[in-house]
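Q: The following file, target.cif, comprises mmCIF, C-alpha atoms:
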```cif
data_coords
loop_
_atom_site.label_atom_id
_atom_site.label_comp_id
_atom_site.auth_asym_id
_atom_site.auth_seq_id
_atom_site.Cartn_x
_atom_site.Cartn_y
_atom_site.Cartn_z
CA MET P 1 2.67 -2.17 -13.97
CA LYS P 2 5.32 0.17 -15.37
CA GLU P 3 2.82 1.48 -17.95
CA LYS P 4 0.78 3.07 -15.14
CA SER P 5 3.90 4.77 -13.76
CA ILE P 6 4.84 6.03 -17.22
CA THR P 7 1.34 7.49 -17.64
CA LEU P 8 1.56 9.27 -14.26
CA LEU P 9 5.08 10.51 -14.93
CA ASN P 10 3.94 11.95 -18.28
CA LYS P 11 0.96 13.64 -16.60
CA ALA P 12 3.44 15.24 -14.22
CA ILE P 13 5.59 16.40 -17.15
CA ALA P 14 2.53 18.03 -18.74
CA ASP P 15 1.76 19.85 -15.49
CA GLU P 16 5.37 20.91 -14.99
CA LEU P 17 5.60 22.24 -18.55
CA SER P 18 2.43 24.24 -17.97
CA ALA P 19 3.98 25.65 -14.81
CA VAL P 20 7.19 26.58 -16.66
CA HIS P 21 5.21 28.44 -19.31
CA GLN P 22 2.95 30.17 -16.80
CA TYR P 23 5.78 31.22 -14.49
CA MET P 24 7.91 32.53 -17.35
CA TYR P 25 4.94 34.57 -18.54
CA PHE P 26 4.58 35.98 -15.00
CA HIS P 27 8.33 36.60 -14.92
CA PHE P 28 8.14 38.65 -18.13
CA ARG P 29 5.13 40.64 -16.88
CA CYS P 30 6.69 41.41 -13.47
CA ASP P 31 10.04 42.23 -15.04
CA ASP P 32 8.34 44.63 -17.45
CA GLN P 33 6.65 46.39 -14.51
CA GLY P 34 9.94 46.71 -12.61
CA TYR P 35 9.04 44.20 -9.89
CA ASP P 36 12.45 42.56 -9.87
CA PRO P 37 12.12 40.42 -6.71
CA LEU P 38 8.83 38.91 -7.90
CA ALA P 39 10.12 38.52 -11.46
CA ASN P 40 13.13 36.64 -10.11
CA LEU P 41 10.95 34.42 -7.91
CA PHE P 42 8.86 33.39 -10.91
CA LYS P 43 11.98 32.80 -13.02
CA ARG P 44 13.70 30.70 -10.34
CA THR P 45 10.57 28.61 -9.87
CA ALA P 46 10.26 28.07 -13.64
CA ILE P 47 13.85 26.83 -13.72
CA GLU P 48 13.17 24.42 -10.85
CA GLU P 49 10.09 23.16 -12.68
CA MET P 50 12.27 22.54 -15.77
CA MET P 51 14.57 20.46 -13.59
CA HIS P 52 11.50 18.49 -12.47
CA VAL P 53 10.69 17.78 -16.13
CA GLU P 54 14.21 16.46 -16.59
CA ARG P 55 14.00 14.15 -13.57
CA LEU P 56 10.59 12.86 -14.67
CA ALA P 57 11.80 12.28 -18.23
CA GLU P 58 14.86 10.38 -17.01
CA ARG P 59 12.58 8.06 -15.01
CA ILE P 60 10.28 7.50 -18.00
CA LEU P 61 13.26 6.63 -20.19
CA PHE P 62 14.58 4.24 -17.55
CA LEU P 63 11.19 2.51 -17.63
CA LYS P 64 11.55 2.32 -21.44
CA GLY P 65 8.64 4.67 -22.01
CA GLU P 66 8.10 7.57 -24.37
CA VAL P 67 8.41 11.09 -22.97
CA GLU P 68 5.44 13.25 -23.95
CA MET P 69 6.37 16.94 -24.07
CA LYS P 70 2.93 18.54 -24.11
CA ALA P 71 1.80 21.15 -21.61
CA SER P 72 -1.49 20.34 -19.89
CA GLU P 73 -2.82 23.91 -20.01
CA ASP P 74 -2.44 27.13 -21.94
CA VAL P 75 -0.87 30.18 -20.32
CA LYS P 76 -3.34 32.43 -18.52
CA LYS P 77 -2.73 36.06 -19.48
CA ILE P 78 -2.89 37.60 -16.02
CA HIS P 79 -1.46 41.09 -15.45
CA ASP P 80 -2.51 41.68 -11.82
CA VAL P 81 0.30 40.65 -9.46
CA LYS P 82 -2.00 39.41 -6.69
CA GLN P 83 -3.88 37.22 -9.16
CA MET P 84 -0.54 35.89 -10.47
CA LEU P 85 0.56 34.92 -6.98
CA GLU P 86 -2.80 33.38 -6.11
CA LEU P 87 -2.77 31.27 -9.27
CA ALA P 88 0.81 30.18 -8.59
CA ALA P 89 -0.11 29.13 -5.04
CA LYS P 90 -3.13 27.23 -6.36
CA MET P 91 -1.03 25.46 -9.00
CA GLU P 92 1.55 24.40 -6.42
CA THR P 93 -1.13 23.12 -4.04
CA GLN P 94 -2.71 21.03 -6.80
CA SER P 95 0.65 19.61 -7.84
CA ALA P 96 1.43 18.56 -4.27
CA ILE P 97 -1.96 16.83 -4.01
CA ASP P 98 -1.52 15.07 -7.36
CA TYR P 99 2.04 13.98 -6.63
CA ASN P 100 1.05 12.58 -3.23
CA ASN P 101 -1.71 10.57 -4.88
CA TRP P 102 0.54 9.42 -7.70
CA ALA P 103 3.25 8.38 -5.24
CA ASN P 104 0.68 6.15 -3.57
CA GLU P 105 -0.37 4.68 -6.93
CA CYS P 106 3.25 3.93 -7.82
CA SER P 107 3.69 2.26 -4.45
CA GLN P 108 0.65 0.06 -5.10
CA ASN P 109 2.23 -0.94 -8.42
CA ALA P 110 5.54 -1.91 -6.79
CA ASP P 111 7.44 1.07 -8.28
CA SER P 112 9.22 2.51 -5.28
CA ALA P 113 11.64 4.62 -7.35
CA SER P 114 8.81 6.56 -9.04
CA LYS P 115 7.11 6.82 -5.64
CA LYS P 116 10.24 8.42 -4.18
CA LEU P 117 10.52 10.78 -7.14
CA PHE P 118 6.94 11.99 -6.65
CA GLU P 119 7.52 12.38 -2.91
CA SER P 120 10.60 14.53 -3.52
CA LEU P 121 8.59 16.68 -5.93
CA VAL P 122 5.94 17.18 -3.23
CA ASP P 123 8.61 18.75 -1.02
CA ASP P 124 9.54 21.22 -3.77
CA GLU P 125 5.93 22.07 -4.62
CA GLU P 126 5.09 22.72 -0.96
CA ARG P 127 8.12 25.01 -0.69
CA HIS P 128 6.98 26.87 -3.82
CA PHE P 129 3.48 27.19 -2.37
CA ASP P 130 4.93 28.64 0.82
CA GLN P 131 6.91 31.24 -1.15
CA TYR P 132 3.86 32.36 -3.15
CA ASP P 133 1.59 32.31 -0.12
CA LYS P 134 4.02 34.59 1.76
CA GLU P 135 4.09 36.99 -1.19
CA VAL P 136 0.27 37.11 -1.25
CA GLU P 137 0.30 37.82 2.51
CA ASN P 138 2.83 40.63 2.00
CA LEU P 139 0.75 42.12 -0.79
CA VAL P 140 -2.39 42.02 1.34
CA LYS P 141 -0.56 43.41 4.37
CA PHE P 142 1.33 46.21 2.60
CA GLY P 143 -0.84 46.81 -0.48
CA ALA P 144 0.48 49.04 -3.24
CA ASN P 145 3.42 50.00 -1.00
CA TYR P 146 4.76 46.46 -1.38
CA LEU P 147 4.88 46.76 -5.17
CA ALA P 148 6.28 50.30 -4.91
CA LEU P 149 9.19 48.96 -2.85
CA GLN P 150 9.89 46.33 -5.49
CA SER P 151 9.85 49.01 -8.18
CA ILE P 152 12.23 51.19 -6.14
CA GLU P 153 14.66 48.25 -5.91
CA HIS P 154 14.52 48.01 -9.70
CA SER P 155 15.27 51.72 -10.07
CA LYS P 156 18.18 51.49 -7.63
CA THR P 157 19.69 48.63 -9.60
CA ILE P 158 19.47 50.60 -12.83
CA ALA P 159 20.83 53.79 -11.25
CA SER P 160 23.79 51.94 -9.73
CA GLY P 161 24.83 50.63 -13.12
CA ASN P 162 24.43 47.03 -11.94
CA ALA P 163 21.53 46.25 -14.25
CA PRO P 164 22.23 43.50 -16.78
CA ILE P 165 22.91 44.78 -20.27
CA GLU P 166 20.22 43.57 -22.63
#
```
Translate this file's structure into structure tokens.
A:
Amino acid sequence: MKEKSITLLNKAIADELSAVHQYMYFHFRCDDQGYDPLANLFKRTAIEEMMHVERLAERILFLKGEVEMKASEDVKKIHDVKQMLELAAKMETQSAIDYNNWANECSQNADSASKKLFESLVDDEERHFDQYDKEVENLVKFGANYLALQSIEHSKTIASGNAPIE
């Protein structure tokens, strides 16, 4: 019974690690283009996904399993902001679907703690989806002006002397 939960938990770790890598790549790209608010959104989400990995790993160890630290996918080298946001929204949607299904499987295997963990992750993934979906809507609604405003915020931060020293 616990072997099935360990397998599902490790699948989730692989997906979360892929998300961390993808979102950090998007963070670097947006930061390089001066889109500070979007860069920060990707960075914050990556950090939350790292915390998911930690929670999943703790559960695997409690079940006396081995934590597999392998990402499920390679980073997609996307430079277009709209495509970044659309991929992020798609990734979050798929994670929510998977975690709902895996919560049900854990329940069927009498593992209510893993079920609860997956259910709590669904809440986070749906919130992430909502954030990315809103950004896509803003980009569609405001077009290039939306990215220009983000770039202006970056310039204001630098001009004010409040930019972090690198």
Q: Can you pull out every residue within 10 Å of P:Gln94, counting all atoms listed in the file, but drop anything in the same chain fewer than 6 positions away, and send it as a list in words?
A: Asp15, Ala88, Asn100, Glu125, Glu126 and Phe129 of chain P
Q: Within 9 Å of P:Gln22, counting only C-alpha atoms, which residues show up once you throw out same-chain ones fewer than 3 positions away? Write them as a list of chain:residue names, please.
A: P:Leu17, P:Ser18, P:Ala19, P:Tyr25, P:Phe26, P:His27, P:Phe42, P:Ala46, P:Asp74, P:Val75, P:Lys76, P:Lys77, P:Ala88
Q: Hey, could you pull the box centre and edge lengths for stretch 24-33 of chain P, axis-aligned, 6 Å padding per side, all listed atoms, to one decimal in Å, as JSON?
A:
```
{"center_x": 7.3, "center_y": 39.5, "center_z": -16.0, "size_x": 17.5, "size_y": 25.9, "size_z": 17.1}
```
Q: Starting from the shown file, work through the PyMOL selection byres ((chain P and resi 3-10) around 12) and note down what comes out as a ChimeraX atom specification.
A: /P:1-2,11-17,52-72,98-115,117-118,121
Q: Next, write the just-selected residues to a file, as a short mmCIF file (atom, residue, chain, number, x, y, z; two decimals), keeping the file's coordinate frame, keeping C-alpha atoms as the atom set.
A:
```cif
data_model
loop_
_atom_site.label_atom_id
_atom_site.label_comp_id
_atom_site.auth_asym_id
_atom_site.auth_seq_id
_atom_site.Cartn_x
_atom_site.Cartn_y
_atom_site.Cartn_z
CA MET P 1 2.67 -2.17 -13.97
CA LYS P 2 5.32 0.17 -15.37
CA LYS P 11 0.96 13.64 -16.60
CA ALA P 12 3.44 15.24 -14.22
CA ILE P 13 5.59 16.40 -17.15
CA ALA P 14 2.53 18.03 -18.74
CA ASP P 15 1.76 19.85 -15.49
CA GLU P 16 5.37 20.91 -14.99
CA LEU P 17 5.60 22.24 -18.55
CA HIS P 52 11.50 18.49 -12.47
CA VAL P 53 10.69 17.78 -16.13
CA GLU P 54 14.21 16.46 -16.59
CA ARG P 55 14.00 14.15 -13.57
CA LEU P 56 10.59 12.86 -14.67
CA ALA P 57 11.80 12.28 -18.23
CA GLU P 58 14.86 10.38 -17.01
CA ARG P 59 12.58 8.06 -15.01
CA ILE P 60 10.28 7.50 -18.00
CA LEU P 61 13.26 6.63 -20.19
CA PHE P 62 14.58 4.24 -17.55
CA LEU P 63 11.19 2.51 -17.63
CA LYS P 64 11.55 2.32 -21.44
CA GLY P 65 8.64 4.67 -22.01
CA GLU P 66 8.10 7.57 -24.37
CA VAL P 67 8.41 11.09 -22.97
CA GLU P 68 5.44 13.25 -23.95
CA MET P 69 6.37 16.94 -24.07
CA LYS P 70 2.93 18.54 -24.11
CA ALA P 71 1.80 21.15 -21.61
CA SER P 72 -1.49 20.34 -19.89
CA ASP P 98 -1.52 15.07 -7.36
CA TYR P 99 2.04 13.98 -6.63
CA ASN P 100 1.05 12.58 -3.23
CA ASN P 101 -1.71 10.57 -4.88
CA TRP P 102 0.54 9.42 -7.70
CA ALA P 103 3.25 8.38 -5.24
CA ASN P 104 0.68 6.15 -3.57
CA GLU P 105 -0.37 4.68 -6.93
CA CYS P 106 3.25 3.93 -7.82
CA SER P 107 3.69 2.26 -4.45
CA GLN P 108 0.65 0.06 -5.10
CA ASN P 109 2.23 -0.94 -8.42
CA ALA P 110 5.54 -1.91 -6.79
CA ASP P 111 7.44 1.07 -8.28
CA SER P 112 9.22 2.51 -5.28
CA ALA P 113 11.64 4.62 -7.35
CA SER P 114 8.81 6.56 -9.04
CA LYS P 115 7.11 6.82 -5.64
CA LEU P 117 10.52 10.78 -7.14
CA PHE P 118 6.94 11.99 -6.65
CA LEU P 121 8.59 16.68 -5.93
#
```
Q: Give me, please, the distance in Å between atom CA of P:Leu41 and atom CA of P:Ala96, quoted to one decimal.
A: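 About the pair atom CA of P:Leu41 and atom CA of P:Ala96: they are 18.9 Å apart.
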Q: Take atom CA of P:His128 and atom CA of P:Glu92 and report the distance between them in Å, one decimal.
A: 6.5 Å
Q: Go ahead and compute the interatomic distance for atom CA of P:Glu137 and atom CA of P:Tyr23, in Å to one decimal.
A: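 Straight-line distance from atom CA of P:Glu137 to atom CA of P:Tyr23 works out to 19.0 Å.
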Q: Step by step: start from the point (0.2, 41.7, -2.7) in the file's coordinates, keep every protein, DNA or RNA residue that has an atom no farther than 12 Å from it, count only C-alpha atoms, and write the set as a PyMOL selection string.
A: chain P and resi 35+38+80-86+132-150
Q: Ranking P:Glu73, P:Phe28, P:Ile97, P:Asp124 by minimum distance to P:Lys43 and counting all atoms listed in the file, which one comes first?
A: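 Going through P:Glu73, P:Phe28, P:Ile97, P:Asp124 one by one, the smallest distance to P:Lys43 is for P:Phe28.
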Q: Name the closest residue to P:Ile78 among the candidates P:Lys116, P:Arg44, P:Lys90, P:Arg29; distances are taken between atoms, counting only C-alpha atoms.
A: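 With only C-alpha atoms as the atom set, the closest residue is P:Arg29.
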